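In what follows, a structure is listed as structure tokens, so that the remarks can point back to it.
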Amino acid sequence: MSYRLSDLSDAEVSDLRSRPRIDFSSIFSTVNPIVEDVRVRGDAAVKDYTEKFDKVVLDNVVVRVSDLPVAENSEAMVSIDMPAGPSELLVIAEKYANPVHVAADLLSQAEHGPDSQVVLVIAGDGVDLGAIEAEVSKQCDALPRGEFASKALGHSFTVFARDMVEAVSFSNMYAPEHLIINVKDAEQWEELIENAGSVFLGQWTPESVGDYASGTNHVLPTYGYARMYSGVSLNSFLKYITVQSLTEEGLRRLGPYVAKMAEVDGLEAHKRAVTLRLQEIEATGTV
């Protein structure tokens, strides 16, 4: 499936943000018996399953090894690294991009599973889409996980952008987990990137290096969450506490505004916690 951005309405372009529907039935069929077993056997069951499943708990943060979607459990007393769904990749390519490389990059994410999604954004004229599609077909047929990749390609698509500005703008709206910019002088477009989990600049930077060797953490937001989340970093394992301390003068200046906002909220006790202090300050005349 392919789309030309200039032919689409704003609503139609926005609809392209939609990801493939996730079928949770297989997950629930696995998880529900485990939940029941833990309810019955308690800690003994937890110990058994902890030894089996692919997660690591560090300082009460669960970091996933797989790309399975996980939701926060308010009773578990842990947090997850971020909401996540199936793996995804967006490639921006121009006429100088090697079709072999572009196809290989698209398949590198499509092979993750049938619910993955890859998007090719063609920037400007001169790109040989036929050559890219032929390479995708040829390489996919040779992959051990070609069946998975083929299914993922079934709900992937190509977008034609007039130029790099429009291409990057679309990418920011889509907010991909992985973004490859396979164009000449790719670095000049870095400052325009607003939403992406991890970015790979230039023709010699495949996404695979981010998975294994380039040094970045590769637990990344998917399913459009790159619009609001960053990838896991050291900050993910830090907990922040805010502290405030007012002087009498500070409360005298700030207090009336706080009292008014509390009144608007209908929270009288909040308001009085301020106004009673203000009355005391006024009575003693200490400020």
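Here, A, B, ... name the chains of the structure tokens in the order displayed, residue numbers run from 1 inside each chain, and ligands are numbered from 1 in the same displayed order.
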For Phe170 (chain A), work out the shell of residues within 12 Å, counting only C-alpha atoms and skipping chain neighbours fewer than 4 positions away, then give it as a ChimeraX atom specification. /A:3-6,10,12-17,90-92,119-123,158-166,174-176,179,192-196
As number ranges by chain, please: every residue in region 96-173 of chain A that DSSP puts in alpha helix (DSSP H). A: 99-110, 129-141, 146-154, 164-173
If we count only C-alpha atoms, what is near region 125-140 of chain A at a cut-off of 6 Å, once residues fewer than 2 positions away on the same chain are taken out, given as a PyMOL selection string? chain A and resi 94-95+99-100+103+142-143+146
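As for CA of Asn32 (chain A) and CA of Gly113 (chain A), they are spaced 22.8 Å apart.
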One number please: CA of Thr205 (chain A) to CA of Ser233 (chain A), in Å, one decimal.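 Computing the Euclidean distance for CA of Thr205 (chain A) and CA of Ser233 (chain A) yields 21.1 Å.
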Considering only strand (DSSP E or B) as DSSP defines it on the backbone, what residues of region 67-208 of chain A qualify? List them as a list in words. Ser79, Ile80, Glu88, Leu89, Leu90, Val91, Ile92, Ala93, Gln117, Val118, Val119, Leu120, Val121, Ile122, Ala123, Phe157, Thr158, Val159, Phe160, Ala161, His178, Leu179, Ile180, Ile181, Asn182, Ser198, Val199, Phe200 and Leu201 of chain A
CA of Thr50 (chain A) to CA of Asp37 (chain A): how many Å, to one decimal? 13.1 Å
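Within 12 Å of region 262-278 of chain A there are A:Leu246, A:Thr247, A:Glu248, A:Glu249, A:Gly250, A:Leu251, A:Arg252, A:Arg253, A:Leu254, A:Gly255, A:Pro256, A:Tyr257, A:Ala283, A:Thr284, A:Gly285, A:Thr286, A:Val287, counting only C-alpha atoms and ignoring same-chain residues fewer than 5 positions away.
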Take the residues just selected and output them with C-alpha atoms as a JSON list (two decimals), in the first residue's frame.
```
[["chain", "number", "residue", "atom", "x", "y", "z"],
["A", 246, "LEU", "CA", 8.43, 29.04, 52.00],
["A", 247, "THR", "CA", 9.21, 31.95, 54.27],
["A", 248, "GLU", "CA", 6.42, 34.04, 55.77],
["A", 249, "GLU", "CA", 7.01, 36.60, 53.03],
["A", 250, "GLY", "CA", 6.85, 33.85, 50.44],
["A", 251, "LEU", "CA", 3.49, 32.57, 51.68],
["A", 252, "ARG", "CA", 2.14, 36.12, 51.94],
["A", 253, "ARG", "CA", 2.92, 36.70, 48.28],
["A", 254, "LEU", "CA", 1.96, 33.27, 46.92],
["A", 255, "GLY", "CA", -0.83, 32.32, 49.32],
["A", 256, "PRO", "CA", -3.71, 34.41, 47.92],
["A", 257, "TYR", "CA", -3.30, 32.81, 44.50],
["A", 283, "ALA", "CA", -2.36, 39.40, 63.07],
["A", 284, "THR", "CA", 1.22, 39.24, 64.28],
["A", 285, "GLY", "CA", 2.48, 41.69, 61.70],
["A", 286, "THR", "CA", 5.75, 39.80, 61.42],
["A", 287, "VAL", "CA", 6.19, 40.53, 57.74]]
```
Check the smallest atom-to-atom distance from each of A:Pro206, A:Met1, A:His178, A:Thr30 to Val219 (chain A) using only C-alpha atoms, then report the winner. A:His178
Taking into account only C-alpha atoms, which residue in the set A:Glu177, A:Tyr223, A:Leu153, A:Lys184 is nearest to Gly210 (chain A)?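 Using only C-alpha atoms, Gly210 (chain A) sits closest to A:Glu177.
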Trp204 (chain A): which residues within 12 Å, counting only C-alpha atoms, same-chain residues fewer than 2 positions away excluded, as a list of chain:residue names?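 Within the cut-off, the hits are A:Ala97, A:Asn98, A:His101, A:Val102, A:Asp105, A:Ile180, A:Ile181, A:Asn182, A:Val183, A:Lys184, A:Asp185, A:Ala186, A:Phe200, A:Leu201, A:Gly202, A:Pro206, A:Glu207, A:Ser208, A:Val209.
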